[in-house]
Amino acid sequence: MNAIQLQKFVLSESASLSDAMQSFEQTGLRVVLICRPDGSLTGLATEGDVRRALLAGHGLISPILPHANRTPAVGRADMSREDLFALLSERVHFLPVLDERNRVKDILFYDQRTMIPIASPITGELELRYVTDAVISGWISSQGKYITQFEERFASFCGARHAVAVANGTVALHLALTAIGIGPGDEVIVPALTFIATANAVRYCGGVPVFVDVDRATWNIDPERVESAITARTKAIIPVHLYGQPCDMDRIRAIARRHRLRVVEDAAEAHGATFGGRRVGAIGELGCFSFYGNKIITTGEGGMVVTNDAALDEKLRLLRDHGMSRTRRYWHEVIGFNYRMTNLQAAIGVAQLERWDQIISAKARIRRWYDTRIDHRLLEGARPLPKAQPVCWLYTLMLKEGVNDTARDSLLRELKSNHIDSRPVFHPIPSMPPYYEPDWTDRYPVSVAISKRGFSLPSSVEMVEGALQRTVLHINDLVRSLPMSIRPGADSAADRSRNRARRFRPFGRESRGSLGHPTV
Ligand SMILES: Cc1ncc(COP(=O)(O)O)c(C=O)c1O
């Protein structure tokens with residue numbers, strides 16, 4: 001914690017109970033440190049101490065010092081972080097850290113001992129009940145009522161006619177591309193900034209992923225650049241709705257129509273997000289989802305392909321099950337795969353869909369919390385298009401241009417040392433060995449910038465207020481301590497021209513009314 005932040009916890013020896021209450025209000029945490037003018041510690045008072053003093057009849061203006069703990073547990077500034085954390089316990093919730101002259105240098109909190117996860121799933125009795133039911137029924141493999149239910153309910157959730165459950169999101173993409181006939185030498189346009197599975201699926205078909213830089217505002221594939229990447233061999237486009245942010249599906253579909261290309265949406269990170277009032281995944285010809293453990297809806301591992309096309313649905317089902325005829329057992333019409341989902345996974349999926357309102361309102365709450373409390377002067381996020389309503393899969397930001405390029409990694413290291421999990425944005429795919437392009441930094445400058453400076457913060461559905469408070473406290477503290485080579489709040493020239501050219505809503509509808517990011 002930096003000196004400015006620390007000052008909010010520090011009161012003088014003459015401070016009153018009311019001063020302490022104001023500090024609790026300001027920090028959102030329940031402790032104050034009472035110090036002498038030279039900064040050395042006299043005592044520590046908690047919200048409980050103040051409450052007890054008030055209940056005993058002391059007035060708001062009476063001094064806090066008589067009610068403080070004058071011999072609290074303390075740590076020493078030369079101790080390692082781990083040794084300091086070890087001093088915290090059920091009995092010691094707050095640990096002032098002092099230098100050799102007893103001056104307060106830091107304060108640690110008990111709940112800092114536990115790592116705040118980036119995105120843990122919410123599973124409970126409902127999931128247990130349905131899985132137990134599946135186990136007891138004996139239908140534990142890839143047939144059973146939960147498969148049918150999950151497919152039907154997921155299709156209707158997306159507003160699609162058909163949904164085919166598969167083993168994970170990667171094979172969902174492979175199956176979808178195979179179903180539309182992507183084969184050796186076919187080019188498929190994918191964003192340079194996405195999870196590697198998007199490109200790998202093209203390769204599995206023998207196709208060639210052709211990378212396109214992303215848009216600076218949405219962080220998604222840039223439709224303008226898509227058009228110039230089209231060749232006579234181009235067969236399809238895979239728009240990826242990164243971090244829950246919908247792509248410009250109007251422009252992508254218009255390009256696809258003009259050039260007779262297929263559109264396979266990668267909606268692995270965007271369950272429930274909408275563009276033009278339609279749920280992503282059901283806008284292109286085929287849409288692919290992942291239900292990996294950190295996704296908005298999970299089945300542990302799992303995936304789904306959705307489509308409105310009955311012929312494609314048939315093909316997907318055939319390919320998913322070894323290419324076996326649906327009417328003649330053990331008659332294999334094509335080379336297929338075993339990409340089936342189990343009834344056990346589907347049972348979890350059905351429960352997750354029943355939790356949808358709980359999940360999505362929690363995600364919106366997390367986003368609102370971060371939007372309104374994080375100091376965004378040096379930070380910016382992706383901005384939704386006017387027709388888009390994103391979902392907050394992971395709350396993701398990037399340091400603005402002008403902030404030192406190494407700052408992101410030291411920020412994530414600092415968060416980790418305070419037991420707050422985070423993750424960097426993906427590497428641009430053409431920067432990595434399987435898809436290496438020597439001029440990747442020049443060809444994909446936007447992907448490079450977001451990748452270098454972007455990071456995601458904890459966004460678990462069950463994240464409690466204390467964890468959000470802790471994360472915000474640290475992130476603000478760390479960002480404010482960065483050497484600033486840009487004027488806080490200043491737009492870059494590129495940002496200004498973009499903002500003139502397009503009208504972006506700074507937030508999706510789910511966070512309307514919040515203070516949010518300052519317009520950048
Ligand atoms: C954009 C994107 N596409 C595809 C996938 C692959 O999904 P899975 O991990 O379920 O194979 C992921 C998963 O993380 C993803 O984020």
# chains A, B, ... in the order shown; residues from 1 in each chain; ligands from 1

call {"tool": "residues_near_ligand", "arguments": {"ligand": "ligand 1", "cutoff": "8 Å", "atoms": "only C-alpha atoms and all ligand atoms", "output": "list in words"}}
result
Ala167, Asn168, Gly169, Thr170, Val171, Ala172, Leu173, Thr194, Phe195, Ile196, Ala197, Thr198, Val240, His241, Leu242, Tyr243, Asp266, Ala267, Ala268, Glu269, Cys288, Phe289, Ser290, Phe291, Tyr292, Lys295, Glu301, Gly302 and Gly303 of chain A

call {"tool": "select_by_dssp", "arguments": {"residues": "segment 13-231 of chain A", "states": "strand (DSSP E)", "output": "ChimeraX atom specification"}}
result
/A:31-35,41-46,75-76,94-98,104-109,162-166,187-191,208-212

call {"tool": "residues_around", "arguments": {"residues": "His427 of chain A", "least_positions_apart": "4", "cutoff": "10 Å", "atoms": "only C-alpha atoms", "output": "compact mmCIF listing (two decimals) with N, CA, C and O atoms, in the first residue's frame"}}
result
# COMPACT_ATOMS: atom_id res chain seq x y z
N ALA A 192 -6.14 -11.81 -34.86
CA ALA A 192 -4.79 -12.10 -34.36
C ALA A 192 -4.79 -12.22 -32.84
O ALA A 192 -3.90 -12.83 -32.26
N LEU A 193 -5.81 -11.61 -32.22
CA LEU A 193 -5.88 -11.64 -30.76
C LEU A 193 -7.06 -12.49 -30.31
O LEU A 193 -8.21 -12.04 -30.33
N THR A 194 -6.76 -13.72 -29.95
CA THR A 194 -7.79 -14.63 -29.44
C THR A 194 -7.07 -15.78 -28.75
O THR A 194 -5.84 -15.85 -28.75
N PHE A 195 -7.84 -16.69 -28.16
CA PHE A 195 -7.24 -17.90 -27.61
C PHE A 195 -6.83 -18.79 -28.79
O PHE A 195 -7.51 -18.82 -29.83
N ILE A 196 -5.75 -19.51 -28.62
CA ILE A 196 -5.14 -20.24 -29.75
C ILE A 196 -6.06 -21.28 -30.39
O ILE A 196 -5.91 -21.61 -31.57
N SER A 431 2.59 -14.26 -33.04
CA SER A 431 3.86 -14.07 -32.32
C SER A 431 4.37 -15.39 -31.76
O SER A 431 5.47 -15.46 -31.23
N MET A 432 3.55 -16.45 -31.85
CA MET A 432 3.91 -17.72 -31.20
C MET A 432 4.36 -18.76 -32.23
O MET A 432 3.95 -18.70 -33.39
N SER A 447 -3.38 -5.52 -31.75
CA SER A 447 -3.31 -6.75 -30.95
C SER A 447 -2.09 -6.70 -30.04
O SER A 447 -2.15 -7.10 -28.87
N VAL A 448 -0.98 -6.21 -30.58
CA VAL A 448 0.26 -6.16 -29.80
C VAL A 448 0.06 -5.25 -28.58
O VAL A 448 0.40 -5.60 -27.45
N ILE A 450 -2.74 -4.27 -27.05
CA ILE A 450 -3.69 -4.80 -26.05
C ILE A 450 -3.05 -5.97 -25.31
O ILE A 450 -3.17 -6.10 -24.09
N SER A 451 -2.35 -6.81 -26.07
CA SER A 451 -1.72 -7.98 -25.46
C SER A 451 -0.65 -7.58 -24.45
O SER A 451 -0.55 -8.18 -23.38
N LYS A 452 0.12 -6.57 -24.78
CA LYS A 452 1.21 -6.14 -23.90
C LYS A 452 0.71 -5.46 -22.64
O LYS A 452 1.32 -5.55 -21.58

call {"tool": "atom_distance", "arguments": {"atom1": "atom CA of Asp248 of chain A", "atom2": "atom CA of Leu385 of chain A"}}
result
7.3 Å

call {"tool": "residues_around", "arguments": {"residues": "Phe150 of chain A", "least_positions_apart": "3", "cutoff": "8 Å", "atoms": "only C-alpha atoms", "output": "ChimeraX atom specification"}}
result
/A:146-147,153-154,165,346-347,349-350

call {"tool": "write_last_selection", "arguments": {"atoms": "all heavy atoms", "output": "PDB file, in the first residue's frame"}}
result
ATOM      1  N   TYR A 146     -30.356 -35.640 -19.872  1.00  0.00           N
ATOM      2  CA  TYR A 146     -29.747 -34.325 -19.673  1.00  0.00           C
ATOM      3  C   TYR A 146     -29.087 -33.794 -20.950  1.00  0.00           C
ATOM      4  O   TYR A 146     -29.049 -32.592 -21.167  1.00  0.00           O
ATOM      5  CB  TYR A 146     -28.752 -34.354 -18.501  1.00  0.00           C
ATOM      6  CG  TYR A 146     -29.469 -34.466 -17.183  1.00  0.00           C
ATOM      7  CD1 TYR A 146     -29.425 -35.651 -16.443  1.00  0.00           C
ATOM      8  CD2 TYR A 146     -30.219 -33.402 -16.689  1.00  0.00           C
ATOM      9  CE1 TYR A 146     -30.102 -35.769 -15.248  1.00  0.00           C
ATOM     10  CE2 TYR A 146     -30.905 -33.512 -15.492  1.00  0.00           C
ATOM     11  CZ  TYR A 146     -30.844 -34.689 -14.765  1.00  0.00           C
ATOM     12  OH  TYR A 146     -31.526 -34.797 -13.589  1.00  0.00           O
ATOM     13  N   ILE A 147     -28.583 -34.706 -21.779  1.00  0.00           N
ATOM     14  CA  ILE A 147     -28.014 -34.265 -23.059  1.00  0.00           C
ATOM     15  C   ILE A 147     -29.111 -33.569 -23.868  1.00  0.00           C
ATOM     16  O   ILE A 147     -28.946 -32.446 -24.345  1.00  0.00           O
ATOM     17  CB  ILE A 147     -27.444 -35.458 -23.868  1.00  0.00           C
ATOM     18  CG1 ILE A 147     -26.218 -36.058 -23.162  1.00  0.00           C
ATOM     19  CG2 ILE A 147     -27.124 -35.061 -25.299  1.00  0.00           C
ATOM     20  CD1 ILE A 147     -24.931 -35.283 -23.380  1.00  0.00           C
ATOM     21  N   ARG A 153     -32.450 -26.667 -24.264  1.00  0.00           N
ATOM     22  CA  ARG A 153     -32.527 -25.421 -23.494  1.00  0.00           C
ATOM     23  C   ARG A 153     -31.451 -24.434 -23.928  1.00  0.00           C
ATOM     24  O   ARG A 153     -31.673 -23.227 -23.906  1.00  0.00           O
ATOM     25  CB  ARG A 153     -32.385 -25.714 -22.000  1.00  0.00           C
ATOM     26  CG  ARG A 153     -33.587 -26.467 -21.467  1.00  0.00           C
ATOM     27  CD  ARG A 153     -33.563 -26.535 -19.974  1.00  0.00           C
ATOM     28  NE  ARG A 153     -34.507 -27.505 -19.486  1.00  0.00           N
ATOM     29  CZ  ARG A 153     -34.665 -27.815 -18.218  1.00  0.00           C
ATOM     30  NH1 ARG A 153     -33.909 -27.235 -17.297  1.00  0.00           N
ATOM     31  NH2 ARG A 153     -35.552 -28.701 -17.853  1.00  0.00           N
ATOM     32  N   PHE A 154     -30.287 -24.958 -24.320  1.00  0.00           N
ATOM     33  CA  PHE A 154     -29.235 -24.026 -24.754  1.00  0.00           C
ATOM     34  C   PHE A 154     -29.610 -23.401 -26.095  1.00  0.00           C
ATOM     35  O   PHE A 154     -29.378 -22.217 -26.325  1.00  0.00           O
ATOM     36  CB  PHE A 154     -27.864 -24.713 -24.818  1.00  0.00           C
ATOM     37  CG  PHE A 154     -26.739 -23.707 -24.877  1.00  0.00           C
ATOM     38  CD1 PHE A 154     -26.336 -23.026 -23.738  1.00  0.00           C
ATOM     39  CD2 PHE A 154     -26.116 -23.399 -26.076  1.00  0.00           C
ATOM     40  CE1 PHE A 154     -25.330 -22.061 -23.778  1.00  0.00           C
ATOM     41  CE2 PHE A 154     -25.105 -22.442 -26.141  1.00  0.00           C
ATOM     42  CZ  PHE A 154     -24.707 -21.774 -24.991  1.00  0.00           C
ATOM     43  N   ALA A 165     -24.317 -30.706 -28.388  1.00  0.00           N
ATOM     44  CA  ALA A 165     -23.373 -30.686 -27.261  1.00  0.00           C
ATOM     45  C   ALA A 165     -22.123 -31.495 -27.609  1.00  0.00           C
ATOM     46  O   ALA A 165     -22.220 -32.587 -28.188  1.00  0.00           O
ATOM     47  CB  ALA A 165     -24.041 -31.267 -26.025  1.00  0.00           C
ATOM     48  N   ALA A 346     -23.720 -32.738 -19.066  1.00  0.00           N
ATOM     49  CA  ALA A 346     -24.955 -32.055 -19.471  1.00  0.00           C
ATOM     50  C   ALA A 346     -25.844 -31.768 -18.257  1.00  0.00           C
ATOM     51  O   ALA A 346     -26.524 -30.737 -18.201  1.00  0.00           O
ATOM     52  CB  ALA A 346     -25.706 -32.891 -20.500  1.00  0.00           C
ATOM     53  N   ALA A 347     -25.822 -32.670 -17.271  1.00  0.00           N
ATOM     54  CA  ALA A 347     -26.619 -32.451 -16.046  1.00  0.00           C
ATOM     55  C   ALA A 347     -26.161 -31.162 -15.361  1.00  0.00           C
ATOM     56  O   ALA A 347     -26.980 -30.355 -14.898  1.00  0.00           O
ATOM     57  CB  ALA A 347     -26.469 -33.649 -15.103  1.00  0.00           C
ATOM     58  N   GLY A 349     -24.713 -28.710 -16.906  1.00  0.00           N
ATOM     59  CA  GLY A 349     -25.108 -27.634 -17.821  1.00  0.00           C
ATOM     60  C   GLY A 349     -26.554 -27.197 -17.620  1.00  0.00           C
ATOM     61  O   GLY A 349     -26.863 -25.999 -17.640  1.00  0.00           O
ATOM     62  N   VAL A 350     -27.445 -28.175 -17.419  1.00  0.00           N
ATOM     63  CA  VAL A 350     -28.859 -27.849 -17.205  1.00  0.00           C
ATOM     64  C   VAL A 350     -29.005 -27.010 -15.934  1.00  0.00           C
ATOM     65  O   VAL A 350     -29.706 -25.982 -15.904  1.00  0.00           O
ATOM     66  CB  VAL A 350     -29.716 -29.142 -17.132  1.00  0.00           C
ATOM     67  CG1 VAL A 350     -31.131 -28.836 -16.657  1.00  0.00           C
ATOM     68  CG2 VAL A 350     -29.744 -29.840 -18.490  1.00  0.00           C
TER      69      VAL A 350
END

call {"tool": "select_by_dssp", "arguments": {"residues": "segment 46-85 of chain A", "states": "alpha helix (DSSP H)", "output": "MDAnalysis selection string"}}
result
chainID A and resid 47:55 81:85

call {"tool": "write_last_selection", "arguments": {"atoms": "N, CA and C atoms", "output": "CSV table (one decimal), in the first residue's frame"}}
result
chain,number,residue,atom,x,y,z
A,47,GLU,N,-13.6,-1.5,13.9
A,47,GLU,CA,-15.0,-1.0,14.0
A,47,GLU,C,-15.7,-1.5,15.2
A,48,GLY,N,-15.4,-2.8,15.6
A,48,GLY,CA,-16.0,-3.4,16.8
A,48,GLY,C,-15.6,-2.5,18.1
A,49,ASP,N,-14.4,-2.0,18.2
A,49,ASP,CA,-14.0,-1.1,19.3
A,49,ASP,C,-14.9,0.1,19.3
A,50,VAL,N,-15.1,0.7,18.2
A,50,VAL,CA,-15.9,1.9,18.1
A,50,VAL,C,-17.3,1.6,18.5
A,51,ARG,N,-17.9,0.5,18.0
A,51,ARG,CA,-19.2,0.1,18.3
A,51,ARG,C,-19.4,-0.1,19.8
A,52,ARG,N,-18.5,-0.8,20.4
A,52,ARG,CA,-18.6,-1.0,21.8
A,52,ARG,C,-18.5,0.3,22.6
A,53,ALA,N,-17.6,1.2,22.2
A,53,ALA,CA,-17.5,2.5,22.9
A,53,ALA,C,-18.8,3.3,22.8
A,54,LEU,N,-19.5,3.2,21.6
A,54,LEU,CA,-20.7,4.0,21.5
A,54,LEU,C,-21.8,3.3,22.3
A,55,LEU,N,-21.8,2.0,22.3
A,55,LEU,CA,-22.9,1.3,23.1
A,55,LEU,C,-22.7,1.5,24.6
A,81,ARG,N,7.1,-11.1,2.8
A,81,ARG,CA,5.7,-11.0,2.7
A,81,ARG,C,5.0,-12.3,3.2
A,82,GLU,N,5.6,-13.4,2.9
A,82,GLU,CA,5.0,-14.7,3.4
A,82,GLU,C,5.1,-14.8,4.9
A,83,ASP,N,6.2,-14.3,5.5
A,83,ASP,CA,6.3,-14.4,7.0
A,83,ASP,C,5.3,-13.4,7.6
A,84,LEU,N,5.1,-12.3,6.9
A,84,LEU,CA,4.1,-11.3,7.5
A,84,LEU,C,2.7,-12.0,7.4
A,85,PHE,N,2.4,-12.6,6.3
A,85,PHE,CA,1.1,-13.2,6.2
A,85,PHE,C,0.9,-14.3,7.2

call {"tool": "residues_around", "arguments": {"residues": "Pro121 of chain A", "least_positions_apart": "2", "cutoff": "9 Å", "atoms": "only C-alpha atoms", "output": "ChimeraX atom specification"}}
result
/A:119,123,293-298,300,460-462

call {"tool": "residues_around", "arguments": {"residues": "Gln112 of chain A", "least_positions_apart": "4", "cutoff": "9 Å", "atoms": "only C-alpha atoms", "output": "PyMOL selection string"}}
result
chain A and resi 85+108+116+418-420+467+470

call {"tool": "write_last_selection", "arguments": {"atoms": "all heavy atoms", "output": "mmCIF file, in the first residue's frame"}}
result
data_model
loop_
_atom_site.group_PDB
_atom_site.id
_atom_site.type_symbol
_atom_site.label_atom_id
_atom_site.label_comp_id
_atom_site.auth_asym_id
_atom_site.auth_seq_id
_atom_site.Cartn_x
_atom_site.Cartn_y
_atom_site.Cartn_z
ATOM 1 N N PHE A 85 2.390 -12.576 6.279
ATOM 2 C CA PHE A 85 1.067 -13.202 6.159
ATOM 3 C C PHE A 85 0.876 -14.288 7.216
ATOM 4 O O PHE A 85 -0.223 -14.492 7.719
ATOM 5 C CB PHE A 85 0.871 -13.783 4.757
ATOM 6 C CG PHE A 85 0.422 -12.762 3.740
ATOM 7 C CD1 PHE A 85 1.089 -12.608 2.541
ATOM 8 C CD2 PHE A 85 -0.684 -11.961 3.992
ATOM 9 C CE1 PHE A 85 0.673 -11.661 1.605
ATOM 10 C CE2 PHE A 85 -1.109 -11.010 3.063
ATOM 11 C CZ PHE A 85 -0.427 -10.859 1.882
ATOM 12 N N LEU A 108 -1.504 -5.143 6.641
ATOM 13 C CA LEU A 108 -1.997 -6.353 5.967
ATOM 14 C C LEU A 108 -3.298 -6.795 6.630
ATOM 15 O O LEU A 108 -3.507 -6.547 7.816
ATOM 16 C CB LEU A 108 -0.971 -7.482 6.057
ATOM 17 C CG LEU A 108 0.410 -7.246 5.451
ATOM 18 C CD1 LEU A 108 1.227 -8.531 5.500
ATOM 19 C CD2 LEU A 108 0.308 -6.763 4.018
ATOM 20 N N ILE A 116 -7.620 -14.460 -4.154
ATOM 21 C CA ILE A 116 -8.895 -14.176 -4.830
ATOM 22 C C ILE A 116 -8.770 -14.756 -6.236
ATOM 23 O O ILE A 116 -7.923 -14.321 -7.013
ATOM 24 C CB ILE A 116 -9.169 -12.658 -4.913
ATOM 25 C CG1 ILE A 116 -9.205 -12.052 -3.508
ATOM 26 C CG2 ILE A 116 -10.481 -12.395 -5.651
ATOM 27 C CD1 ILE A 116 -9.348 -10.538 -3.493
ATOM 28 N N ASN A 418 -0.058 -9.903 -3.348
ATOM 29 C CA ASN A 418 -1.129 -9.576 -2.398
ATOM 30 C C ASN A 418 -2.277 -10.589 -2.478
ATOM 31 O O ASN A 418 -3.400 -10.304 -2.063
ATOM 32 C CB ASN A 418 -1.650 -8.164 -2.680
ATOM 33 C CG ASN A 418 -0.683 -7.127 -2.166
ATOM 34 O OD1 ASN A 418 -0.506 -6.988 -0.959
ATOM 35 N ND2 ASN A 418 -0.023 -6.418 -3.060
ATOM 36 N N HIS A 419 -1.971 -11.725 -3.082
ATOM 37 C CA HIS A 419 -2.906 -12.842 -3.168
ATOM 38 C C HIS A 419 -4.165 -12.479 -3.955
ATOM 39 O O HIS A 419 -5.277 -12.851 -3.585
ATOM 40 C CB HIS A 419 -3.270 -13.369 -1.771
ATOM 41 C CG HIS A 419 -2.102 -13.978 -1.067
ATOM 42 N ND1 HIS A 419 -2.209 -14.615 0.148
ATOM 43 C CD2 HIS A 419 -0.790 -14.034 -1.386
ATOM 44 C CE1 HIS A 419 -1.014 -15.041 0.534
ATOM 45 N NE2 HIS A 419 -0.138 -14.693 -0.390
ATOM 46 N N ILE A 420 -3.959 -11.742 -5.027
ATOM 47 C CA ILE A 420 -5.073 -11.435 -5.939
ATOM 48 C C ILE A 420 -4.691 -11.992 -7.305
ATOM 49 O O ILE A 420 -3.691 -11.579 -7.893
ATOM 50 C CB ILE A 420 -5.324 -9.914 -6.028
ATOM 51 C CG1 ILE A 420 -5.726 -9.368 -4.654
ATOM 52 C CG2 ILE A 420 -6.399 -9.602 -7.075
ATOM 53 C CD1 ILE A 420 -5.761 -7.862 -4.561
ATOM 54 N N ALA A 467 -13.697 -8.890 -1.269
ATOM 55 C CA ALA A 467 -12.688 -9.237 -2.286
ATOM 56 C C ALA A 467 -12.653 -8.170 -3.374
ATOM 57 O O ALA A 467 -11.587 -7.819 -3.881
ATOM 58 C CB ALA A 467 -13.014 -10.602 -2.879
ATOM 59 N N ARG A 470 -10.865 -5.188 -1.895
ATOM 60 C CA ARG A 470 -9.419 -5.440 -1.814
ATOM 61 C C ARG A 470 -8.764 -5.273 -3.178
ATOM 62 O O ARG A 470 -7.716 -4.667 -3.310
ATOM 63 C CB ARG A 470 -9.207 -6.876 -1.326
ATOM 64 C CG ARG A 470 -8.184 -6.997 -0.238
ATOM 65 C CD ARG A 470 -8.161 -8.414 0.231
ATOM 66 N NE ARG A 470 -7.212 -9.206 -0.539
ATOM 67 C CZ ARG A 470 -7.188 -10.527 -0.537
ATOM 68 N NH1 ARG A 470 -8.068 -11.200 0.151
ATOM 69 N NH2 ARG A 470 -6.281 -11.162 -1.245
#

call {"tool": "closest_residue", "arguments": {"among": "A:Ala273, A:Cys158, A:Val334, A:Ala3", "to": "Cys392 of chain A", "atoms": "only C-alpha atoms"}}
result
A:Ala273

call {"tool": "closest_residue", "arguments": {"among": "A:Arg326, A:His474, A:Arg161, A:His376", "to": "Leu411 of chain A", "atoms": "only C-alpha atoms"}}
result
A:His474

call {"tool": "closest_residue", "arguments": {"among": "A:Phe94, A:Tyr444, A:Trp356, A:Tyr130", "to": "Arg225 of chain A", "atoms": "only C-alpha atoms"}}
result
A:Tyr444

call {"tool": "residues_around", "arguments": {"residues": "Pro184 of chain A", "least_positions_apart": "5", "cutoff": "9 Å", "atoms": "only C-alpha atoms", "output": "PyMOL selection string"}}
result
chain A and resi 203+205-208
